[in-house]
>>> print(open('upload.cif').read())   # mmCIF, C-alpha atoms
data_data
loop_
_atom_site.label_atom_id
_atom_site.label_comp_id
_atom_site.auth_asym_id
_atom_site.auth_seq_id
_atom_site.Cartn_x
_atom_site.Cartn_y
_atom_site.Cartn_z
CA MET A 72 -91.17 -25.71 -78.23
CA SER A 73 -88.44 -24.40 -76.01
CA GLU A 74 -84.88 -25.24 -77.06
CA GLN A 75 -84.01 -26.40 -73.57
CA PHE A 76 -85.84 -29.68 -74.25
CA ASN A 77 -83.85 -30.32 -77.44
CA THR A 78 -80.39 -29.46 -76.12
CA PRO A 79 -78.46 -32.51 -74.86
CA PRO A 80 -76.70 -32.11 -71.52
CA ALA A 81 -73.11 -30.94 -71.78
CA ALA A 82 -70.51 -33.60 -71.12
CA ASP A 83 -68.37 -33.17 -68.04
CA LEU A 84 -64.83 -33.03 -69.41
CA THR A 85 -63.22 -32.45 -66.02
CA ALA A 86 -60.53 -35.02 -65.31
CA LEU A 87 -61.35 -37.29 -62.42
CA PRO A 88 -58.85 -38.60 -59.88
CA THR A 89 -57.76 -42.20 -60.31
CA SER A 90 -57.32 -44.90 -57.72
CA GLY A 91 -53.99 -46.25 -56.58
CA PRO A 92 -50.99 -44.68 -54.86
CA PRO A 93 -50.48 -40.96 -55.46
CA PHE A 94 -46.77 -41.38 -56.14
CA TYR A 95 -44.39 -43.80 -57.83
CA THR A 96 -44.05 -47.02 -55.86
CA VAL A 97 -40.81 -48.89 -56.54
CA SER A 98 -38.67 -51.39 -54.68
CA LEU A 99 -35.74 -49.78 -52.87
CA VAL A 100 -33.49 -52.50 -54.25
CA LYS A 101 -34.61 -51.82 -57.81
CA LEU A 102 -34.18 -48.07 -57.34
CA THR A 103 -30.65 -48.64 -56.05
CA VAL A 104 -29.73 -50.94 -58.94
CA MET A 105 -31.16 -48.62 -61.58
CA MET A 106 -29.51 -45.53 -60.11
CA PHE A 107 -26.13 -47.29 -60.08
CA ILE A 108 -26.43 -48.73 -63.59
CA THR A 109 -27.49 -45.38 -65.05
CA CYS A 110 -25.00 -43.36 -62.99
CA GLY A 111 -27.87 -41.33 -61.54
CA LEU A 112 -29.72 -40.68 -64.80
CA TYR A 113 -32.62 -42.83 -63.58
CA GLY A 114 -33.35 -40.03 -61.13
CA LEU A 115 -34.97 -38.06 -63.97
CA TYR A 116 -37.30 -40.97 -64.65
CA TRP A 117 -38.04 -41.16 -60.93
CA TYR A 118 -39.11 -37.52 -60.83
CA TYR A 119 -41.21 -37.91 -63.97
CA LYS A 120 -43.00 -41.00 -62.68
CA ASN A 121 -43.80 -39.30 -59.37
CA TRP A 122 -45.26 -36.21 -61.01
CA SER A 123 -47.07 -38.29 -63.63
CA ARG A 124 -48.63 -40.46 -60.95
CA TYR A 125 -49.55 -37.43 -58.85
CA LYS A 126 -51.24 -35.79 -61.86
CA ALA A 127 -53.35 -38.90 -62.49
CA TYR A 128 -54.19 -39.25 -58.81
CA SER A 129 -55.09 -35.63 -58.10
CA ALA A 130 -56.43 -34.68 -61.58
CA LYS A 131 -54.54 -31.41 -61.31
CA PRO A 132 -53.44 -29.70 -64.56
CA ILE A 133 -49.69 -30.03 -64.06
CA TRP A 134 -47.03 -30.90 -66.64
CA PRO A 135 -44.86 -33.78 -65.37
CA ALA A 136 -42.28 -33.30 -68.15
CA VAL A 137 -41.76 -29.65 -67.22
CA ARG A 138 -41.47 -30.45 -63.53
CA THR A 139 -38.94 -33.14 -64.39
CA LEU A 140 -36.91 -30.81 -66.59
CA PHE A 141 -36.82 -28.25 -63.77
CA CYS A 142 -36.80 -30.86 -61.01
CA PHE A 143 -34.25 -28.88 -59.01
CA PHE A 144 -36.85 -26.17 -58.38
CA TYR A 145 -39.73 -28.57 -57.74
CA ILE A 146 -38.03 -30.74 -55.11
CA PRO A 147 -39.65 -28.84 -52.19
CA SER A 148 -43.06 -29.15 -53.84
CA LEU A 149 -42.69 -32.91 -54.37
CA PHE A 150 -41.47 -33.63 -50.86
CA SER A 151 -44.18 -31.47 -49.28
CA LYS A 152 -46.89 -33.25 -51.29
CA VAL A 153 -45.59 -36.65 -50.20
CA ASP A 154 -45.61 -35.41 -46.61
CA ALA A 155 -49.19 -34.11 -46.98
CA ALA A 156 -50.38 -37.39 -48.54
CA LEU A 157 -48.89 -39.40 -45.69
CA LYS A 158 -50.56 -37.19 -43.09
CA GLU A 159 -53.87 -37.38 -44.94
CA LYS A 160 -53.74 -41.17 -44.72
CA GLY A 161 -52.67 -41.04 -41.08
CA ARG A 162 -49.19 -42.42 -41.71
CA GLY A 163 -47.12 -39.77 -40.01
CA GLY A 164 -45.66 -37.73 -42.85
CA ILE A 165 -41.97 -37.14 -43.55
CA PRO A 166 -40.25 -35.80 -40.42
CA TYR A 167 -38.26 -32.66 -41.24
CA TRP A 168 -38.72 -33.00 -44.99
CA GLY A 169 -37.33 -29.49 -45.36
CA VAL A 170 -34.00 -30.76 -44.03
CA TYR A 171 -33.91 -33.33 -46.83
CA VAL A 172 -34.51 -30.58 -49.38
CA ALA A 173 -31.75 -28.44 -47.87
CA GLY A 174 -29.45 -31.46 -47.90
CA ILE A 175 -30.00 -32.06 -51.61
CA TYR A 176 -29.35 -28.41 -52.41
CA LEU A 177 -26.20 -28.33 -50.28
CA LEU A 178 -24.86 -31.53 -51.82
CA THR A 179 -25.62 -30.19 -55.30
CA PHE A 180 -23.51 -27.07 -54.81
CA THR A 181 -20.69 -28.64 -52.78
CA PRO A 182 -18.69 -29.93 -55.79
CA SER A 183 -18.84 -26.50 -57.43
CA ILE A 184 -17.64 -24.85 -54.22
CA VAL A 185 -14.77 -27.30 -53.76
CA THR A 186 -13.64 -27.30 -57.38
CA GLY A 187 -14.12 -23.53 -57.58
CA TYR A 188 -11.80 -23.07 -54.61
CA ALA A 189 -9.25 -25.35 -56.27
CA SER A 190 -9.50 -23.43 -59.53
CA GLY A 191 -8.82 -20.24 -57.60
CA MET A 192 -5.35 -21.57 -56.91
CA GLY A 193 -4.48 -20.95 -60.54
CA SER A 194 -4.95 -24.44 -61.90
CA SER A 195 -7.74 -26.71 -63.00
CA PRO A 196 -9.60 -28.67 -60.28
CA SER A 197 -8.27 -32.01 -61.51
CA THR A 198 -4.71 -30.66 -61.33
CA ALA A 199 -5.04 -28.93 -57.96
CA LEU A 200 -6.97 -31.69 -56.21
CA GLY A 201 -5.96 -34.58 -58.40
CA LEU A 202 -8.27 -36.41 -60.79
CA ILE A 203 -9.30 -39.12 -58.34
CA PRO A 204 -10.07 -36.72 -55.43
CA THR A 205 -12.12 -34.55 -57.79
CA MET A 206 -14.14 -37.54 -58.92
CA ALA A 207 -14.47 -38.65 -55.30
CA VAL A 208 -16.07 -35.30 -54.40
CA TYR A 209 -18.70 -35.72 -57.11
CA ALA A 210 -19.26 -39.38 -56.24
CA THR A 211 -19.66 -38.67 -52.51
CA THR A 212 -22.12 -35.83 -52.97
CA GLY A 213 -24.04 -37.85 -55.55
CA LEU A 214 -24.26 -40.73 -53.10
CA GLY A 215 -25.57 -38.38 -50.44
CA GLN A 216 -28.33 -37.13 -52.74
CA PHE A 217 -29.25 -40.69 -53.63
CA LEU A 218 -29.54 -41.70 -49.97
CA ILE A 219 -31.97 -38.83 -49.43
CA MET A 220 -33.97 -39.96 -52.47
CA LEU A 221 -33.98 -43.52 -51.13
CA ARG A 222 -35.25 -42.29 -47.77
CA VAL A 223 -38.08 -40.35 -49.41
CA GLN A 224 -38.94 -43.40 -51.53
CA SER A 225 -39.32 -45.46 -48.36
CA PHE A 226 -42.00 -42.99 -47.24
CA ILE A 227 -43.67 -43.05 -50.67
CA ASN A 228 -43.91 -46.83 -50.51
CA ARG A 229 -45.97 -46.51 -47.33
CA LEU A 230 -48.71 -44.90 -49.41
CA ASP A 231 -49.08 -48.04 -51.51
CA GLY A 232 -52.04 -50.07 -50.33
CA LYS A 233 -50.40 -53.23 -51.71
CA SER A 234 -47.43 -53.05 -49.41
CA GLY A 235 -46.40 -56.62 -50.15
CA GLU A 236 -46.18 -56.05 -53.89
CA SER A 237 -44.29 -52.80 -53.43
CA CYS A 238 -41.21 -54.80 -52.38
CA ARG A 239 -41.13 -56.94 -55.51
CA ILE A 240 -38.47 -56.21 -58.10
CA ARG A 241 -40.05 -55.76 -61.52
CA PHE A 242 -38.16 -54.53 -64.56
CA THR A 243 -40.16 -53.03 -67.40
CA PHE A 244 -39.20 -52.35 -71.00
CA TRP A 245 -38.31 -48.76 -70.12
CA ASP A 246 -36.12 -49.99 -67.28
CA VAL A 247 -34.13 -51.97 -69.85
CA VAL A 248 -33.87 -48.88 -72.05
CA TRP A 249 -32.56 -46.88 -69.11
CA ALA A 250 -30.11 -49.66 -68.24
CA VAL A 251 -28.69 -49.72 -71.79
CA THR A 252 -28.43 -45.92 -71.73
CA GLY A 253 -26.65 -46.11 -68.40
CA ILE A 254 -24.14 -48.67 -69.64
CA CYS A 255 -23.35 -46.42 -72.61
CA TYR A 256 -22.97 -43.49 -70.22
CA TRP A 257 -20.62 -45.45 -67.96
CA THR A 258 -18.55 -46.43 -71.01
CA LEU A 259 -18.28 -42.77 -71.99
CA LEU A 260 -17.20 -41.81 -68.47
CA VAL A 261 -14.49 -44.49 -68.49
CA GLN A 262 -13.21 -43.18 -71.83
CA ILE A 263 -13.14 -39.61 -70.49
CA TYR A 264 -11.35 -40.77 -67.34
CA ALA A 265 -8.73 -42.60 -69.42
CA TRP A 266 -8.22 -39.52 -71.59
CA LEU A 267 -7.86 -37.20 -68.58
CA SER A 268 -5.46 -39.61 -66.89
CA SER A 269 -3.21 -39.72 -69.94
CA ALA A 270 -3.41 -35.93 -70.32
CA ASN A 271 -2.27 -35.35 -66.71
CA MET A 272 0.70 -37.72 -66.98
#
>>> encode(input="upload.cif", output="structure tokens")
Amino acid sequence: MSEQFNTPPAADLTALPTSGPPFYTVSLVKLTVMMFITCGLYGLYWYYKNWSRYKAYSAKPIWPAVRTLFCFFYIPSLFSKVDAALKEKGRGGIPYWGVYVAGIYLLTFTPSIVTGYASGMGSSPSTALGLIPTMAVYATTGLGQFLIMLRVQSFINRLDGKSGESCRIRFTFWDVVWAVTGICYWTLLVQIYAWLSSANM
């Protein structure tokens, strides 16, 4: 008897796309609160959740952790995929998403440019500019990057079929972990600020 009648059919191990939104849906209020509490560290979780959700949705063999670790280089890819998903669903896309990417890159390098210019005067940035102005530069550019992230999140939320639920504020166990981490980080920053203030007196 031929072996073809005794051989069971091979299982299809190809990952299948899952239902649901292709990216991380989160309330804008919650995102704002978590970003403030964690002093921006929640942004890493935001990138990871977006890539993790996209991997499950598209069934593409990507590594969310790697794309989060090197998120700076994958920002254009993420924004372009959100834009493509919106257009695919007939929801307009992200107008000028490349401008948002350029804005994030510019805001990322601005503190280095400003403090580098101050250091060129022969003193440390905190001495040349003053400690508070130096911190203000970092805070302002960080706020600008967050506003861009918030804008992109507003487009991502449009992809959620349950638009009513997307506005609810829900805190998970990992949100609490991030919040505790953020509080510890804020405490460390305050201690560093106090030490630098006393050192410059």
>>> resolve_selection(input="upload.cif", expression="the PyMOL selection byres ((chain A and resi 154) around 9)", output="PyMOL selection string")
chain A and resi 149-153+155-159+163-166+168+226-227
>>> atom_distance(input="upload.cif", atom1="atom CA of Leu115 of chain A", atom2="atom CA of Ala210 of chain A")
17.6 Å
>>> residues_around(input="upload.cif", residues="Tyr95 of chain A", least_positions_apart="5", cutoff="12 Å", atoms="all atoms listed in the file", output="ChimeraX atom specification")
/A:102,116-128,149,153,223-231,237
>>> closest_residue(input="upload.cif", among="A:Ser148, A:Phe141, A:Phe217, A:Leu202", to="Gly174 of chain A", atoms="all atoms listed in the file")
A:Phe217
>>> closest_residue(input="upload.cif", among="A:Cys142, A:Ile184, A:Leu99, A:Ile263", to="Ile240 of chain A", atoms="all atoms listed in the file")
A:Leu99
>>> resolve_selection(input="upload.cif", expression="the PyMOL selection byres ((chain A and resi 101) around 10)", output="number ranges by chain")
A: 97-100, 102-107, 238-242, 246
>>> resolve_selection(input="upload.cif", expression="the PyMOL selection byres ((chain A and resi 250-254) around 8)", output="ChimeraX atom specification")
/A:105,108-110,112,246-249,255-258
>>> atom_distance(input="upload.cif", atom1="atom CA of Lys160 of chain A", atom2="atom CA of Gly91 of chain A")
12.9 Å
>>> atom_distance(input="upload.cif", atom1="atom CA of Ala130 of chain A", atom2="atom CA of Pro93 of chain A")
10.6 Å
